[in-house]
Structure formats: C-alpha cells, structure tokens
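With compact mmCIF, C-alpha atoms and all ligand atoms inside, this is entry_35.txt:
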# COMPACT_ATOMS: atom_id res chain seq x y z
CA MET A 171 52.22 39.93 49.21
CA SER A 172 52.63 41.54 52.60
CA LEU A 173 53.20 45.14 53.49
CA LEU A 174 56.91 44.50 53.99
CA ASP A 175 57.31 42.73 50.67
CA PHE A 176 55.66 45.59 48.91
CA PHE A 177 58.25 48.08 50.05
CA ARG A 178 61.22 45.81 49.67
CA THR A 179 62.66 46.75 46.31
CA THR A 180 65.06 43.90 45.52
CA LYS A 181 63.74 40.43 46.05
CA PRO A 182 66.17 37.56 45.96
CA SER A 183 65.05 35.27 43.15
CA THR A 184 65.20 31.63 44.06
CA ALA A 185 63.75 30.82 40.64
CA SER A 186 66.89 32.00 38.89
CA ALA A 187 69.00 29.79 41.14
CA ALA A 188 66.73 26.87 40.22
CA LYS A 189 67.09 27.64 36.55
CA GLU A 190 70.87 27.77 36.67
CA ARG A 191 71.15 24.51 38.58
CA LEU A 192 68.75 22.76 36.22
CA GLN A 193 70.54 23.99 33.12
CA ILE A 194 73.74 22.41 34.37
CA ILE A 195 72.32 18.99 35.22
CA VAL A 196 70.25 18.83 32.06
CA ALA A 197 73.26 19.71 29.90
CA GLU A 198 75.26 17.00 31.69
CA ARG A 199 72.56 14.41 31.20
CA ARG A 200 72.21 15.23 27.54
CA GLN A 201 75.97 15.06 27.01
CA GLN A 202 76.24 11.67 28.64
CA GLY A 203 73.97 10.65 25.83
CA GLU A 204 71.56 8.34 27.54
CA ALA A 205 70.09 8.60 24.08
CA LEU A 206 72.78 6.65 22.26
CA PRO A 207 71.11 4.98 19.31
CA ALA A 208 70.74 1.25 19.56
CA TYR A 209 72.52 0.70 16.25
CA LEU A 210 75.93 1.92 17.44
CA PRO A 211 77.29 -1.45 18.64
CA GLN A 212 76.15 -3.13 15.43
CA LEU A 213 77.66 -0.35 13.34
CA LYS A 214 80.96 -0.84 15.11
CA LYS A 215 80.83 -4.58 14.50
CA ASP A 216 80.09 -4.10 10.80
CA ILE A 217 82.94 -1.62 10.41
CA LEU A 218 85.31 -4.05 12.10
CA GLU A 219 84.25 -6.83 9.75
CA VAL A 220 84.97 -4.69 6.72
CA LEU A 221 88.30 -3.60 8.15
CA ALA A 222 89.24 -7.20 8.86
CA LYS A 223 89.18 -7.84 5.12
CA TYR A 224 92.09 -5.49 4.65
CA VAL A 225 94.00 -5.21 7.92
CA ASN A 226 94.38 -7.11 11.14
CA ALA A 227 91.36 -5.74 12.86
CA ASP A 228 91.17 -5.54 16.60
CA PRO A 229 88.10 -4.25 18.46
CA ASN A 230 90.10 -1.44 20.02
CA MET A 231 90.83 0.05 16.62
CA VAL A 232 87.42 1.58 16.22
CA LYS A 233 86.04 4.28 18.47
CA ILE A 234 82.61 5.67 17.83
CA SER A 235 81.00 8.55 19.62
CA LEU A 236 77.89 10.55 19.06
CA GLU A 237 77.56 14.14 20.14
CA HIS A 238 74.46 16.28 20.14
CA SER A 239 75.89 19.72 19.66
CA ASP A 240 72.52 21.25 18.87
CA ASP A 241 68.88 20.18 18.71
CA ASN A 242 68.92 19.34 15.11
CA LEU A 243 72.55 18.41 14.75
CA SER A 244 74.27 15.25 15.90
CA VAL A 245 77.86 14.50 15.04
CA LEU A 246 78.93 10.91 14.62
CA GLU A 247 82.63 10.71 15.26
CA LEU A 248 84.50 7.69 13.97
CA ASN A 249 88.10 7.09 14.92
CA VAL A 250 90.03 4.23 13.38
CA THR A 251 93.60 3.53 14.41
CA LEU A 252 95.33 1.48 11.74
CA PRO A 253 98.10 -0.91 12.72
CA ASP A 254 101.68 -0.37 11.51
CA ASP A 255 102.36 -1.40 7.93
CA ASP A 256 104.33 -4.53 8.78
CA GLU A 257 101.42 -5.92 10.78
CA SER A 258 98.92 -5.58 7.95
CA ALA A 259 97.73 -8.66 6.19
CA MET B 239 46.19 5.13 12.25
CA ALA B 240 45.39 6.01 15.85
CA ARG B 241 47.67 8.57 17.46
CA ILE B 242 49.08 6.90 20.57
CA ILE B 243 49.92 9.57 23.12
CA VAL B 244 51.50 8.87 26.51
CA VAL B 245 51.01 11.33 29.36
CA THR B 246 54.15 10.93 31.41
CA SER B 247 56.42 12.79 33.85
CA GLY B 248 58.77 10.64 35.87
CA LYS B 249 57.81 12.48 39.04
CA GLY B 250 54.61 11.53 40.82
CA GLY B 251 51.65 13.73 41.57
CA VAL B 252 52.33 16.37 38.93
CA GLY B 253 48.96 16.05 37.18
CA LYS B 254 49.24 13.19 34.69
CA THR B 255 45.87 11.64 35.51
CA THR B 256 44.15 15.02 35.69
CA SER B 257 45.65 15.88 32.30
CA SER B 258 44.88 12.50 30.72
CA ALA B 259 41.23 12.78 31.73
CA ALA B 260 40.94 16.42 30.62
CA ILE B 261 42.69 15.95 27.29
CA ALA B 262 40.90 12.70 26.42
CA SER B 263 37.54 14.31 27.25
CA GLY B 264 38.45 17.43 25.28
CA LEU B 265 39.37 15.39 22.22
CA ALA B 266 36.13 13.43 22.46
CA LEU B 267 34.11 16.64 22.84
CA ALA B 268 35.77 17.93 19.69
CA GLY B 269 34.41 14.87 17.88
CA HIS B 270 37.44 12.57 17.92
CA LYS B 271 36.94 8.96 18.87
CA THR B 272 39.25 8.60 21.86
CA ALA B 273 40.29 5.84 24.25
CA VAL B 274 42.07 6.55 27.50
CA ILE B 275 44.01 3.77 29.24
CA ASP B 276 45.04 3.73 32.89
CA PHE B 277 48.52 2.14 33.07
CA ASP B 278 48.79 2.69 36.82
CA ILE B 279 48.18 -0.97 37.70
CA GLY B 280 47.32 -1.40 41.37
CA LEU B 281 46.57 2.30 41.87
CA ARG B 282 43.59 2.90 39.65
CA ASN B 283 42.43 6.52 39.73
CA LEU B 284 41.54 7.59 36.24
CA ASP B 285 38.06 6.05 36.66
CA LEU B 286 37.48 8.29 39.67
CA ILE B 287 38.57 11.47 37.89
CA LEU B 288 36.29 10.55 34.98
CA GLY B 289 33.44 9.64 37.33
CA CYS B 290 32.95 6.09 36.07
CA GLU B 291 34.32 4.21 39.10
CA ARG B 292 31.05 2.40 39.77
CA ARG B 293 30.81 1.08 36.25
CA VAL B 294 34.11 -0.82 36.20
CA VAL B 295 33.47 -4.50 35.57
CA TYR B 296 36.55 -5.70 33.76
CA ASP B 297 39.91 -3.99 33.58
CA PHE B 298 43.09 -3.75 31.51
CA VAL B 299 44.66 -6.78 33.22
CA ASN B 300 41.53 -8.91 32.58
CA VAL B 301 41.93 -8.09 28.90
CA LEU B 302 45.65 -8.86 28.91
CA ASN B 303 45.00 -12.20 30.60
CA GLY B 304 42.24 -13.09 28.16
CA GLU B 305 39.55 -13.06 30.88
CA ALA B 306 37.53 -10.42 29.06
CA SER B 307 37.44 -8.99 25.59
CA LEU B 308 38.54 -5.44 24.99
CA GLN B 309 34.96 -4.45 24.14
CA GLN B 310 33.72 -5.88 27.43
CA ALA B 311 36.28 -3.92 29.42
CA LEU B 312 35.97 -0.56 27.67
CA ILE B 313 33.65 1.80 29.55
CA LYS B 314 31.68 4.23 27.47
CA ASP B 315 31.84 7.69 28.98
CA LYS B 316 28.46 9.04 30.07
CA ARG B 317 29.17 12.57 28.86
CA SER B 318 30.64 11.94 25.45
CA GLU B 319 29.83 9.11 23.10
CA ASN B 320 33.31 9.43 21.59
CA LEU B 321 35.16 8.59 24.79
CA PHE B 322 36.01 5.12 26.12
CA ILE B 323 37.95 4.27 29.25
CA LEU B 324 40.07 1.20 29.91
CA PRO B 325 40.55 1.14 33.68
CA ALA B 326 43.60 -0.24 35.48
CA SER B 327 43.24 -3.21 37.73
CA GLN B 328 43.11 -2.38 41.40
CA THR B 329 44.53 -5.56 42.80
CA ARG B 330 46.78 -7.52 40.55
CA ASP B 331 50.43 -6.96 39.96
CA LYS B 332 51.87 -5.07 37.06
CA ASP B 333 53.79 -8.02 35.61
CA ALA B 334 50.60 -8.66 33.69
CA LEU B 335 51.64 -5.77 31.45
CA THR B 336 53.55 -7.58 28.74
CA MET B 337 54.88 -6.02 25.59
CA GLU B 338 52.85 -8.40 23.40
CA GLY B 339 49.67 -7.87 25.42
CA VAL B 340 49.88 -4.10 25.32
CA GLN B 341 50.68 -4.15 21.63
CA GLN B 342 47.64 -6.37 21.01
CA VAL B 343 45.31 -4.01 22.88
CA LEU B 344 46.66 -0.98 21.02
CA SER B 345 46.26 -2.58 17.64
CA GLU B 346 42.71 -3.68 18.47
CA LEU B 347 41.88 -0.09 19.43
CA ASP B 348 43.29 1.01 16.12
CA GLN B 349 41.12 -1.52 14.29
CA LEU B 350 38.08 -0.29 16.21
CA GLY B 351 38.63 3.08 14.58
CA PHE B 352 39.96 5.08 17.51
CA GLU B 353 41.69 8.28 16.43
CA PHE B 354 43.43 8.90 19.72
CA VAL B 355 44.68 6.57 22.43
CA ILE B 356 45.77 8.43 25.56
CA CYS B 357 47.99 6.41 27.92
CA ASP B 358 48.00 7.65 31.52
CA SER B 359 51.42 6.60 32.82
CA PRO B 360 52.22 5.76 36.42
CA ALA B 361 54.99 7.77 38.09
CA GLY B 362 58.57 6.56 38.05
CA ILE B 363 60.59 4.80 35.37
CA GLU B 364 59.73 1.24 36.29
CA HIS B 365 57.95 -1.39 34.23
CA GLY B 366 54.49 0.24 34.19
CA ALA B 367 55.86 3.59 33.05
CA MET B 368 58.02 1.90 30.41
CA MET B 369 55.03 -0.05 29.06
CA ALA B 370 52.95 3.14 28.91
CA LEU B 371 55.54 4.96 26.81
CA TYR B 372 57.00 2.14 24.73
CA PHE B 373 54.49 2.21 21.86
CA ALA B 374 53.82 5.95 21.93
CA ASP B 375 53.88 8.09 18.82
CA GLU B 376 53.76 11.23 20.93
CA ALA B 377 54.43 12.12 24.54
CA ILE B 378 52.93 14.81 26.73
CA ILE B 379 55.61 15.59 29.28
CA THR B 380 53.70 16.83 32.31
CA THR B 381 55.90 19.18 34.32
CA ASN B 382 55.42 21.33 37.39
CA PRO B 383 57.46 24.53 37.66
CA GLU B 384 59.73 23.05 40.29
CA VAL B 385 63.27 21.62 40.22
CA SER B 386 62.68 17.91 40.74
CA SER B 387 59.81 17.77 38.29
CA VAL B 388 61.83 19.51 35.56
CA ARG B 389 64.78 17.20 36.11
CA ASP B 390 62.57 14.11 35.98
CA SER B 391 60.99 15.38 32.77
CA ASP B 392 64.43 15.58 31.24
CA ARG B 393 65.11 12.00 32.34
CA ILE B 394 61.92 10.88 30.65
CA LEU B 395 62.90 12.70 27.47
CA GLY B 396 66.14 10.71 27.50
CA ILE B 397 64.23 7.47 27.94
CA LEU B 398 61.83 8.31 25.10
CA ASP B 399 64.84 8.95 22.87
CA ALA B 400 66.53 5.69 23.80
CA LYS B 401 64.07 3.06 24.98
CA SER B 402 60.82 3.62 23.12
CA LYS B 403 59.79 1.40 20.25
CA ARG B 404 60.40 4.26 17.84
CA ALA B 405 63.95 4.66 19.15
CA GLU B 406 64.68 0.94 19.11
CA LYS B 407 63.39 0.50 15.57
CA GLY B 408 65.13 3.63 14.31
CA LEU B 409 61.79 5.20 13.33
CA GLU B 410 60.95 8.88 13.49
CA PRO B 411 61.41 9.89 17.16
CA VAL B 412 58.48 10.17 19.58
CA LYS B 413 56.99 13.63 19.17
CA GLN B 414 57.40 15.59 22.39
CA HIS B 415 54.95 18.08 23.88
CA LEU B 416 55.56 20.02 27.07
CA LEU B 417 52.56 20.54 29.34
CA ILE B 418 53.28 22.77 32.31
CA THR B 419 50.76 22.26 35.09
CA ARG B 420 50.07 23.89 38.46
CA TYR B 421 51.53 27.15 37.21
CA ASN B 422 51.26 30.17 39.44
CA PRO B 423 52.02 33.43 37.59
CA SER B 424 52.15 35.62 40.67
CA ARG B 425 54.73 33.40 42.28
CA VAL B 426 56.69 33.56 39.04
CA ASP B 427 56.54 37.36 39.19
CA ALA B 428 57.82 37.20 42.74
CA GLY B 429 60.82 35.22 41.56
CA GLU B 430 59.77 32.19 43.57
CA MET B 431 58.81 29.89 40.73
CA LEU B 432 60.37 28.92 37.41
CA SER B 433 58.67 30.72 34.53
CA VAL B 434 57.34 29.15 31.33
CA ASP B 435 60.29 30.64 29.48
CA ASP B 436 62.76 29.24 32.02
CA ILE B 437 61.36 25.73 31.62
CA LEU B 438 61.30 26.01 27.85
CA GLU B 439 64.89 27.15 27.86
CA ILE B 440 65.94 24.23 30.05
CA LEU B 441 64.00 21.42 28.38
CA ASN B 442 63.86 22.86 24.88
CA ILE B 443 60.79 21.02 23.57
CA PRO B 444 57.61 22.47 22.03
CA LEU B 445 55.01 23.84 24.44
CA LEU B 446 51.55 22.28 24.30
CA GLY B 447 50.00 24.24 27.12
CA VAL B 448 50.24 25.89 30.52
CA ILE B 449 47.62 24.90 33.11
CA PRO B 450 47.33 27.25 36.06
CA GLU B 451 47.22 26.07 39.65
CA SER B 452 43.50 26.16 40.23
CA GLN B 453 40.86 25.35 42.77
CA SER B 454 38.68 24.21 39.88
CA VAL B 455 40.84 21.08 39.45
CA LEU B 456 40.03 19.92 42.95
CA ASN B 457 36.35 20.76 42.51
CA ALA B 458 36.27 18.81 39.27
CA SER B 459 37.91 15.75 40.81
CA ASN B 460 35.54 15.90 43.79
CA LYS B 461 32.64 15.62 41.37
CA GLY B 462 34.25 13.15 38.99
CA VAL B 463 33.87 15.52 36.07
CA PRO B 464 37.06 16.27 34.09
CA VAL B 465 38.05 19.90 34.44
CA VAL B 466 37.59 20.68 30.71
CA PHE B 467 33.88 20.62 31.42
CA GLU B 468 34.32 23.57 33.77
CA GLU B 469 33.98 25.98 30.90
CA GLN B 470 34.29 29.09 33.00
CA ALA B 471 37.31 27.87 34.92
CA ASP B 472 40.86 28.97 34.06
CA ALA B 473 42.23 25.41 34.16
CA GLY B 474 39.32 24.11 32.08
CA GLN B 475 39.95 26.69 29.39
CA ALA B 476 43.69 26.10 29.45
CA TYR B 477 43.08 22.36 28.85
CA GLN B 478 40.68 23.18 26.00
CA ASP B 479 43.39 25.27 24.38
CA ALA B 480 45.92 22.45 24.78
CA VAL B 481 43.50 20.03 23.11
CA ALA B 482 43.00 22.46 20.23
CA ARG B 483 46.77 22.72 19.75
CA LEU B 484 47.04 18.94 19.76
CA VAL B 485 44.76 18.80 16.73
CA GLY B 486 46.72 21.51 14.99
CA GLU B 487 44.95 24.74 15.92
CA ASP B 488 46.86 27.84 16.81
CA LYS B 489 45.84 29.24 20.20
CA PRO B 490 47.49 31.98 22.24
CA MET B 491 48.57 30.99 25.77
CA ARG B 492 46.17 32.13 28.47
CA TYR B 493 46.66 32.42 32.22
CA VAL B 494 50.43 32.76 32.03
CA LYS B 495 50.45 36.34 33.35
CA ALA B 496 49.49 37.34 36.86
CA GLU B 497 46.23 39.22 37.21
CA LYS B 498 46.73 42.86 38.01
CA LYS B 499 45.89 43.36 41.64
CA SER B 500 44.56 46.58 43.03
CA LEU B 501 46.95 48.62 45.09
CA LEU B 502 44.99 47.90 48.25
CA LYS B 503 45.15 44.18 47.62
CA ARG B 504 48.85 44.38 46.96
CA ILE B 505 49.48 46.19 50.20
CA PHE B 506 47.24 44.16 52.42
CA GLY B 507 47.77 40.82 50.78
CA GLY B 508 45.35 38.47 49.15
N1 LIG C 1 46.28 22.61 37.76
C1 LIG C 1 46.09 22.12 39.01
N2 LIG C 1 45.71 22.94 40.01
C2 LIG C 1 45.52 22.45 41.26
N3 LIG C 1 45.68 21.17 41.60
C3 LIG C 1 46.06 20.30 40.65
C4 LIG C 1 46.29 20.72 39.31
N4 LIG C 1 46.66 19.63 38.59
C5 LIG C 1 46.66 18.59 39.43
N5 LIG C 1 46.30 18.97 40.68
C6 LIG C 1 46.16 18.13 41.88
O1 LIG C 1 47.38 17.44 42.08
C7 LIG C 1 47.15 16.15 42.60
C8 LIG C 1 47.84 15.10 41.73
O2 LIG C 1 47.23 15.10 40.44
P1 LIG C 1 47.18 13.78 39.55
O3 LIG C 1 46.60 12.64 40.30
O4 LIG C 1 46.57 14.15 38.26
O5 LIG C 1 48.74 13.55 39.37
P2 LIG C 1 49.48 12.27 38.75
O6 LIG C 1 50.69 12.81 38.06
O7 LIG C 1 48.55 11.46 37.95
O8 LIG C 1 49.88 11.47 40.06
P3 LIG C 1 50.51 9.99 40.12
O9 LIG C 1 51.96 10.16 39.77
O10 LIG C 1 50.29 9.58 41.53
O11 LIG C 1 49.77 9.15 39.12
C9 LIG C 1 45.64 15.96 42.66
O12 LIG C 1 45.23 16.21 43.96
C10 LIG C 1 45.13 17.03 41.70
O13 LIG C 1 43.85 17.48 42.07
MG MG C 2 48.10 9.35 38.04

This structure in structure tokens:
Amino acid sequence: MSLLDFFRTTKPSTASAAKERLQIIVAERRQQGEALPAYLPQLKKDILEVLAKYVNADPNMVKISLEHSDDNLSVLELNVTLPDDDESA
Amino acid sequence: MARIIVVTSGKGGVGKTTSSAAIASGLALAGHKTAVIDFDIGLRNLDLILGCERRVVYDFVNVLNGEASLQQALIKDKRSENLFILPASQTRDKDALTMEGVQQVLSELDQLGFEFVICDSPAGIEHGAMMALYFADEAIITTNPEVSSVRDSDRILGILDAKSKRAEKGLEPVKQHLLITRYNPSRVDAGEMLSVDDILEILNIPLLGVIPESQSVLNASNKGVPVVFEEQADAGQAYQDAVARLVGEDKPMRYVKAEKKSLLKRIFGG
C-alpha cells in the first residue's frame, strides 16, 4: 500500500464488480440446466407409450422441464396436452 | 472401496498438480494408502512436483496398452511408504485413455487396497479432463480468486452433474469440495480480489480449504518436495488442514485474514 492509498478513504472495489458479474453468468448457466438428467428423454418416451394406450399420442403432447429452484430442490414439470375428445381412440 | 477423487478446475495453471501432490502426500503421511495418477498425458509434471522424475520407467499409457503391469508402473514415493505415483506418458497421445482402460486401472488399485486414488486432471474440458473426472466419487474444484477461474469451476460443476459416471448411472452425485488456491488476503481487503465468502456465495459448494499465495509453493516445486512437507510454511499448513478435513476432521480456516501490518509498513509499503 502506498502513501497515497493510505490516505484515500474510499477505494473502488473491483472485486464487487467481479462478484456481481459472476453471479449473473453462474445463475444463467445453472438455469440452462446443463445438468439435465440423462433419464429425461427415456421418461418422456415411457410416458408417451402409456398415453398411447388411451389416446392418440403425439410426441408434442408431452413437455418435460426440470428446474433447480434451490440447492436441494428440483422441480420436475410435466405438461401433457390432451387431444380433443373426438380424436381420442 | 477406494475413494476416487479428481482434482479439477477447467482453467489451466490454477494449482491442480500442486494440490494433487500436496493432498496425496498429506493423506499418505496420515497413514492412508494413496495412489496419485497424472492424467495430463503428454505434459507430465506430477512426477517433477513429487521429485520422482528420474525414477519413471513405465507410465499410465504403458499400462493402458498392456505394455507394463500396474505394479511395474507404480512408483513408490521415497518419503512415504503409503504413497504411489502413476506418471503420465510424456510422448504418446491421449487417445490411449479409454473408458475401459481407466476403469480397469482404478479397479486394480481398489483391489490392491488403496484407500484413496487422487486423479490430477489436465486443464480444459477435453477428453483427458473428462476421463479424469468420469469415475470420480468426489471432486476437488481448484479455484483461484479470479473471474475466469470461478466461471470455469462452475462449468466443471455442471459437467460433473451431467457427464460423470455417477450422473449417467443415476447414482448419488459426485461429492464436491471447493479448494481456493493462491489466495491473497491483503488484496481481498483492498477490494481487488474476490473473497472466500464471495466465491462461496457464487459457487455454493462446501469449502475444503483455502491455500494462500505463497513463495513456499515455488520453493517446494524447485526441490521436488510437495509443499505439505514445509511444515512451517503457510501453504503447507493450509494443505495439511485440507487433508484433515477430507478425512472428516474439523479444522478452522487459517491464513484467510491479512496479517496486521505496522503503521510504518502500511505507510511506506511492503
Ligand atoms: N498457493 C500458491 N502460491 C504460489 N504459487 C502457486 C500456488 N499454487 C500454485 N502455484 C504456482 O502456480 C503454477 C501452476 O501450478 P500447477 O502446475 O499446480 O497448476 P495446474 O492447475 O496443475 O496447471 P495445468 O492446468 O497446466 O495442469 C506453478 O508455477 C505453481 O508453483
Ligand atoms: Mg497440472
């Protein structure tokens, strides 16, 4: 620390800028869910097969997403759009 | 079962090899039978840090290609009878690292009664780094208090969660440990460097240790003696603490606060 630094009362903190920027990119990366479990495609396929027993199943009917809202909490969201009654088998 | 621990980071030059050598030596000193494997094929360095470079006869790739047995290639450390080193090859290409081959070596080490297998990963997220982390039970994420290193650590955490054997087989996830290296408390105080708390808040994984930036690391590597043997040195002690935590001991963090400087020193620098 130099003489000047010592008497300068407010130092600009580049560390806090670094922290803010990192928090944003890390949150983005974690949301994108690079960590999607490998079983998701198979799960979707199995669900479609079961559905096909009862209705005309089409791959677009099932939407699956996984969200990590917290460290210890992941939410598996399953969205099934059923066809109109007259189309059902 | 042997605990397979990868020392990884994404970013290069953050202290993976230094940490692998120090932690493997520390575990061996504490009485645990430990093997340390250099996965940095083509850029062997672990042997140099451990001071056994002149005793390398066969290497990891020789074993994978069936040109030598694992026992022939393992080098017994001259300081601890519990430590064995499997050096990387210096010449051949890393395609020799196959999933089956690596698995075979790891299971042989397990059969030989090793308690710990430390895998020193190369930098990056290419084949060598993937092979080093694939079979890991635990990962030591080596991170410098600096933006690109922290970001790369987060990338590696994502890869461990998605591409490791444990992730692919739906087993319990790879246990993550954060090791912050090259930490400089006075620069943190000056607001120039991310603090331990900042990094913990960003990455949000359990802290294994904080290793200060230290001249003793360079001295140790010059001599080929892992820095844990420098018992008086700050970095040596910080690695000892990290090793103790790895085997379940509770140790307070040392060397995370700047030393109080005298007023004169503060005014005139130094
Ligand atoms: N705590 C420390 N204090 C000072 N210097 C350090 C510290 N830790 C590591 N270094 C130095 O940083 C450099 C890189 O260390 P090391 O080779 O262990 O990194 P690495 O992550 O294995 O690199 P690579 O990605 O190339 O394999 C070396 O010169 C080493 O001496
Ligand atoms: Mg290295």

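Pairwise distance (atom CA of B:Lys314, atom CA of B:Tyr372) equals 25.6 Å.
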
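The closest residue to ligand MG 2 (chain C), picked from B:Pro490, B:Gly429, B:Pro360, B:Gly280 and counting only C-alpha atoms and all ligand atoms, is B:Pro360.
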
With 8 Å as the limit and counting only C-alpha atoms, what residues in chain B lie close to chain A? Please list them as a tab-separated table (two decimals) with C-alpha atoms, in the frame of the given file.
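Contents of the output file out08.tsv:
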chain	number	residue	atom	x	y	z
B	384	GLU	CA	59.73	23.05	40.29
B	385	VAL	CA	63.27	21.62	40.22
B	388	VAL	CA	61.83	19.51	35.56
B	389	ARG	CA	64.78	17.20	36.11
B	392	ASP	CA	64.43	15.58	31.24
B	393	ARG	CA	65.11	12.00	32.34
B	396	GLY	CA	66.14	10.71	27.50
B	397	ILE	CA	64.23	7.47	27.94
B	399	ASP	CA	64.84	8.95	22.87
B	400	ALA	CA	66.53	5.69	23.80
B	405	ALA	CA	63.95	4.66	19.15
B	406	GLU	CA	64.68	0.94	19.11
B	408	GLY	CA	65.13	3.63	14.31
B	426	VAL	CA	56.69	33.56	39.04
B	428	ALA	CA	57.82	37.20	42.74
B	429	GLY	CA	60.82	35.22	41.56
B	430	GLU	CA	59.77	32.19	43.57
B	431	MET	CA	58.81	29.89	40.73
B	432	LEU	CA	60.37	28.92	37.41
B	433	SER	CA	58.67	30.72	34.53
B	436	ASP	CA	62.76	29.24	32.02
B	437	ILE	CA	61.36	25.73	31.62
B	440	ILE	CA	65.94	24.23	30.05
B	441	LEU	CA	64.00	21.42	28.38
B	504	ARG	CA	48.85	44.38	46.96
B	505	ILE	CA	49.48	46.19	50.20
B	506	PHE	CA	47.24	44.16	52.42
B	507	GLY	CA	47.77	40.82	50.78
B	508	GLY	CA	45.35	38.47	49.15

Inset, instruction - Select the residues contacting ligand LIG 1 (chain C) at a distance of at most 6 Å, based on all atoms listed in the file, then format the selection as number ranges by chain. - result: B: 250-256, 360-361, 419-420, 449-453, 455-456

Inset, instruction - Please give me, as a ChimeraX atom specification, the residues lying within 12 Å of ligand MG 2 (chain C) when counting only C-alpha atoms and all ligand atoms. - result: /B:245-259,275-287,325-326,357-362,366-367,380

Inset, instruction - Check the smallest atom-to-atom distance from each of B:Ser307, B:Thr272, B:Gln475, B:Ser391 to B:Ala240 using only C-alpha atoms, then report the winner. - result: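 Between B:Ser307, B:Thr272, B:Gln475, B:Ser391, the residue approaching B:Ala240 most closely is B:Thr272.
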
Coordinates of box centre and edge lengths for stretch 256-270 of chain B, 6 Å on every side, axis-aligned, as JSON:
{"center_x": 39.9, "center_y": 15.2, "center_z": 26.8, "size_x": 23.5, "size_y": 17.4, "size_z": 29.8}

Inset, instruction - List the neighbours of stretch 350-352 of chain B out to 12 Å using all atoms listed in the file; skip same-chain residues closer than 5 positions along the sequence, and give me the result as an MDAnalysis selection string. - result: chainID B and resid 239:242 262 265:266 269:274 308:309 312 320:323 343:345

Inset, instruction - Using atom CA of B:Glu305 and atom CA of B:Ser318 as the two end points, give the distance in Å to one decimal. - result: 27.1 Å

Inset, instruction - Please identify all polymer residues within 8 Å of B:Pro464, counting all atoms listed in the file, omitting same-chain residues fewer than 3 positions from it, and present them as a list in words. - result: Thr256, Ala259, Ala260, Ser263, Ile287, Leu288, Ala458, Ser459, Phe467 and Glu468 of chain B

Inset, instruction - For atom CA of B:His415 and atom CA of B:Leu371, quote the distance in Å rounded to one decimal. - result: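 If I compute the distance from atom CA of B:His415 to atom CA of B:Leu371, I get 13.5 Å.
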
Legend entry - Proximity to B:Asn382 - best of B:Leu347, B:Ile243, B:Leu417, B:Val340, only C-alpha atoms: B:Leu417

Inset, instruction - Excluding A:Asp228 and any residue of its chain fewer than 2 positions from it, enumerate the residues within 10 Å of it, using all atoms listed in the file, and give them as a ChimeraX atom specification. - result: /A:218-219,221-222,225-226,230-232,251-253

Inset, instruction - Using all atoms listed in the file, pick whichever of B:Ala473, B:Val463, B:Ile394, B:Ala306 has the shortest atom-to-atom distance to B:Val494. - result: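 That would be B:Ala473, the residue with the smallest distance to B:Val494.
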